[in-house]
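Participant: So that we are looking at the same thing, I have put the structure below in structure tokens.
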Amino acid sequence: MKNNLLLGSKNAGKLKEFIFYIKHFNLFSRHVVLNLNEFGNIGEPTEDGKTFEENCEIKSKYFFSKTNTLVLCDDSGFIIDKLNDYPGIKTAREAKKLGGEQKVIDFIFSKFNNKNYIAATFFCSICLLGKNKKYIVSGTIPGFIIKEKRGMNGFGYDPYFIPKKRNQTFAEMEEKQKFLNSHRYEAFKKLSTQILLDNQSSDFL
């Protein structure tokens, strides 16, 4: 009998990437992968952590307490290197507060005169939580934020971010190319490595 793995997100873009990385790193092949829609209205946690790591753990603990199922959650966003961790853990909330991603980008560029691009880092922290094991890992990608969106793929701030040593935004890249060059890829790579090093392959691979 297979065990279950709950992907703790309602973001369709994130869920698509989660599935890609699970297959890419050959993780959880003995598990049935579920999403939050299969558990009815179980609510959402209050994300009051001070770091991406704390928030992904808060999400995982909440959904584990509601489902008693192995849970994988992430928390992600970007930080402007010269703006004291802004928008950071509030990346998604700032878009809602200001009226969309472009409004956040406009606000950021208002702080810098005559700039066409600004140094930024994308972050992703993942928490895998079960009855007897917890993993928390993080991945980062340095790059630049641009003033106007470019590209039609991806989601969120993908059209505004160009990874270092690249000339395309995440949204201009082919889907697989973006998946293999993102902050979320780096986090899943660390998760896969830690599971193997911890001799948990029989449980999670």
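Residues are named by chain letter and number: chains run A, B, ... in the order of the structure tokens, numbers start at 1 in each chain, and ligands are numbered from 1 in the order shown.
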Can you list, as a ChimeraX atom specification, every residue of range 71-121 of chain A that DSSP puts in helix (DSSP H, G or I)?
Facilitator: /A:88-98,101-109
Participant: Generate a file of the selected residues that holds N, CA and C atoms, formatted as a short mmCIF file (atom, residue, chain, number, x, y, z; two decimals), in the first residue's frame.
Facilitator:
```
data_model
loop_
_atom_site.label_atom_id
_atom_site.label_comp_id
_atom_site.auth_asym_id
_atom_site.auth_seq_id
_atom_site.Cartn_x
_atom_site.Cartn_y
_atom_site.Cartn_z
N GLY A 88 11.22 40.29 0.28
CA GLY A 88 11.48 39.13 1.13
C GLY A 88 10.28 38.24 1.36
N ILE A 89 10.04 37.92 2.64
CA ILE A 89 8.94 36.99 2.97
C ILE A 89 7.58 37.58 2.64
N LYS A 90 7.54 38.88 2.34
CA LYS A 90 6.26 39.53 1.99
C LYS A 90 6.10 39.68 0.48
N THR A 91 6.89 38.95 -0.30
CA THR A 91 6.88 39.12 -1.75
C THR A 91 5.48 39.01 -2.34
N ALA A 92 4.76 37.94 -2.02
CA ALA A 92 3.41 37.76 -2.56
C ALA A 92 2.43 38.75 -1.94
N ARG A 93 2.57 39.00 -0.65
CA ARG A 93 1.66 39.92 0.05
C ARG A 93 1.80 41.35 -0.45
N GLU A 94 3.02 41.75 -0.82
CA GLU A 94 3.22 43.10 -1.34
C GLU A 94 2.48 43.29 -2.66
N ALA A 95 2.44 42.23 -3.49
CA ALA A 95 1.71 42.32 -4.76
C ALA A 95 0.22 42.53 -4.50
N LYS A 96 -0.33 41.83 -3.52
CA LYS A 96 -1.74 42.02 -3.17
C LYS A 96 -1.98 43.40 -2.59
N LYS A 97 -1.08 43.84 -1.75
CA LYS A 97 -1.22 45.14 -1.08
C LYS A 97 -1.14 46.31 -2.07
N LEU A 98 -0.21 46.25 -3.01
CA LEU A 98 0.03 47.37 -3.91
C LEU A 98 -0.76 47.28 -5.22
N GLU A 101 2.15 42.64 -9.31
CA GLU A 101 3.60 42.57 -9.35
C GLU A 101 4.24 43.83 -9.96
N GLN A 102 3.61 44.37 -11.03
CA GLN A 102 4.19 45.56 -11.66
C GLN A 102 4.26 46.74 -10.69
N LYS A 103 3.26 46.84 -9.82
CA LYS A 103 3.25 47.92 -8.83
C LYS A 103 4.42 47.78 -7.84
N VAL A 104 4.72 46.53 -7.47
CA VAL A 104 5.86 46.29 -6.58
C VAL A 104 7.16 46.66 -7.29
N ILE A 105 7.27 46.26 -8.55
CA ILE A 105 8.47 46.58 -9.32
C ILE A 105 8.62 48.10 -9.46
N ASP A 106 7.52 48.79 -9.74
CA ASP A 106 7.56 50.25 -9.86
C ASP A 106 8.03 50.89 -8.55
N PHE A 107 7.52 50.38 -7.43
CA PHE A 107 7.92 50.91 -6.13
C PHE A 107 9.41 50.71 -5.90
N ILE A 108 9.90 49.52 -6.24
CA ILE A 108 11.33 49.25 -6.05
C ILE A 108 12.18 50.21 -6.88
N PHE A 109 11.82 50.38 -8.16
CA PHE A 109 12.63 51.23 -9.03
C PHE A 109 12.52 52.71 -8.64
#
```
Participant: Listing only residues of range 69-144 of chain A within 9 Å of range 177-184 of chain A, what is the closest atom pair and its distance in Å (to one decimal) for each, using only C-alpha atoms, sorted by chain and residue number ascending, as a tab-separated table?
Facilitator:
```
residue	atom	partner	partner_atom	distance
A:Asp74	CA	A:Arg184	CA	8.7
A:Ser76	CA	A:Arg184	CA	8.2
A:Thr121	CA	A:His183	CA	9.0
A:Phe122	CA	A:His183	CA	6.1
A:Phe123	CA	A:His183	CA	5.8
A:Cys124	CA	A:Arg184	CA	5.5
A:Ser125	CA	A:Arg184	CA	7.8
A:Ile126	CA	A:Arg184	CA	8.4
A:Ser138	CA	A:His183	CA	8.2
A:Gly139	CA	A:His183	CA	5.0
A:Thr140	CA	A:His183	CA	4.7
A:Ile141	CA	A:His183	CA	5.1
A:Pro142	CA	A:His183	CA	8.8
```
Participant: For the residues in the current selection, export C-alpha atoms as a PDB file, in the first residue's frame.
Facilitator:
```pdb
ATOM      1  CA  ASP A  74       7.722  25.883   0.322  1.00  0.00           C
ATOM      2  CA  SER A  76       9.685  31.709  -1.712  1.00  0.00           C
ATOM      3  CA  THR A 121      18.221  37.237  -5.252  1.00  0.00           C
ATOM      4  CA  PHE A 122      15.395  34.715  -5.523  1.00  0.00           C
ATOM      5  CA  PHE A 123      14.935  32.431  -2.504  1.00  0.00           C
ATOM      6  CA  CYS A 124      13.077  29.169  -1.965  1.00  0.00           C
ATOM      7  CA  SER A 125      12.866  27.229   1.297  1.00  0.00           C
ATOM      8  CA  ILE A 126      11.257  23.789   1.481  1.00  0.00           C
ATOM      9  CA  SER A 138      16.898  26.424   0.905  1.00  0.00           C
ATOM     10  CA  GLY A 139      18.004  27.359  -2.579  1.00  0.00           C
ATOM     11  CA  THR A 140      18.955  30.731  -4.049  1.00  0.00           C
ATOM     12  CA  ILE A 141      19.540  32.238  -7.485  1.00  0.00           C
ATOM     13  CA  PRO A 142      21.244  35.628  -7.861  1.00  0.00           C
TER      14      PRO A 142
END
```
Participant: Determine, counting only C-alpha atoms, which protein, DNA and RNA residues have an atom within 9 Å of an atom of Phe20 in chain A; residues of the same chain fewer than 4 positions away are not included. Present the result as a list in words.
Facilitator: Leu15, Lys16, His24, Phe25, Lys176 and Phe179 of chain A
Participant: Take the residues from that selection and put them in a file with N, CA and C atoms, as a CSV table (one decimal), in the first residue's frame.
Facilitator:
```csv
chain,number,residue,atom,x,y,z
A,15,LEU,N,2.7,24.1,-8.0
A,15,LEU,CA,2.4,22.7,-8.0
A,15,LEU,C,3.0,22.0,-9.2
A,16,LYS,N,2.9,22.7,-10.3
A,16,LYS,CA,3.5,22.2,-11.6
A,16,LYS,C,5.0,21.9,-11.4
A,24,HIS,N,12.0,14.6,-11.5
A,24,HIS,CA,13.3,14.8,-12.0
A,24,HIS,C,14.3,14.2,-11.0
A,25,PHE,N,14.1,14.3,-9.7
A,25,PHE,CA,15.0,13.8,-8.7
A,25,PHE,C,14.6,12.4,-8.2
A,176,LYS,N,11.1,23.9,-19.3
A,176,LYS,CA,12.1,23.0,-18.7
A,176,LYS,C,13.4,23.8,-18.3
A,179,PHE,N,12.8,25.6,-15.2
A,179,PHE,CA,12.7,24.7,-14.0
A,179,PHE,C,14.1,24.2,-13.6
```
Participant: Figure out the distance between CA of Tyr160 in chain A and CA of Ile145 in chain A, please, to one decimal in Å.
Facilitator: 5.4 Å
Participant: In range 9-138 of chain A, what's strand (DSSP E) per DSSP? Answer as number ranges by chain?
Facilitator: A: 31-35, 70-80, 117-129, 134-138
Participant: Keeping only C-alpha atoms, take the residues you just selected and write them out as a CSV table (one decimal), in the first residue's frame.
Facilitator:
```
chain,number,residue,atom,x,y,z
A,31,HIS,CA,3.8,7.8,-2.6
A,32,VAL,CA,0.5,9.0,-3.9
A,33,VAL,CA,0.9,12.7,-4.5
A,34,LEU,CA,-2.1,14.8,-3.3
A,35,ASN,CA,-2.9,18.5,-3.2
A,70,LEU,CA,3.6,13.6,4.9
A,71,VAL,CA,3.6,17.2,3.8
A,72,LEU,CA,5.9,19.3,1.5
A,73,CYS,CA,5.6,23.1,1.6
A,74,ASP,CA,7.7,25.9,0.3
A,75,ASP,CA,8.1,29.6,0.9
A,76,SER,CA,9.7,31.7,-1.7
A,77,GLY,CA,10.3,35.2,-2.9
A,78,PHE,CA,13.0,37.7,-3.8
A,79,ILE,CA,15.1,40.2,-2.0
A,80,ILE,CA,16.6,43.4,-3.4
A,117,TYR,CA,18.0,46.8,-13.6
A,118,ILE,CA,18.6,46.1,-9.9
A,119,ALA,CA,20.5,43.3,-8.2
A,120,ALA,CA,18.2,40.8,-6.6
A,121,THR,CA,18.2,37.2,-5.3
A,122,PHE,CA,15.4,34.7,-5.5
A,123,PHE,CA,14.9,32.4,-2.5
A,124,CYS,CA,13.1,29.2,-2.0
A,125,SER,CA,12.9,27.2,1.3
A,126,ILE,CA,11.3,23.8,1.5
A,127,CYS,CA,10.0,21.9,4.5
A,128,LEU,CA,9.3,18.2,4.3
A,129,LEU,CA,7.5,17.0,7.4
A,134,LYS,CA,11.7,16.8,9.1
A,135,TYR,CA,13.9,18.4,6.4
A,136,ILE,CA,14.3,22.1,5.8
A,137,VAL,CA,16.4,23.2,2.9
A,138,SER,CA,16.9,26.4,0.9
```
Participant: Under the rule that only C-alpha atoms are counted, which of A:Lys147, A:Lys50, A:Lys131, A:Arg166 is the nearest residue to Lys115 in chain A?
Facilitator: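 Under the stated criterion, the closest residue is A:Lys147.
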Participant: When you draw a straight line from CA of Phe28 in chain A to CA of Lys190 in chain A, how long is it in Å?
Facilitator: 15.0 Å
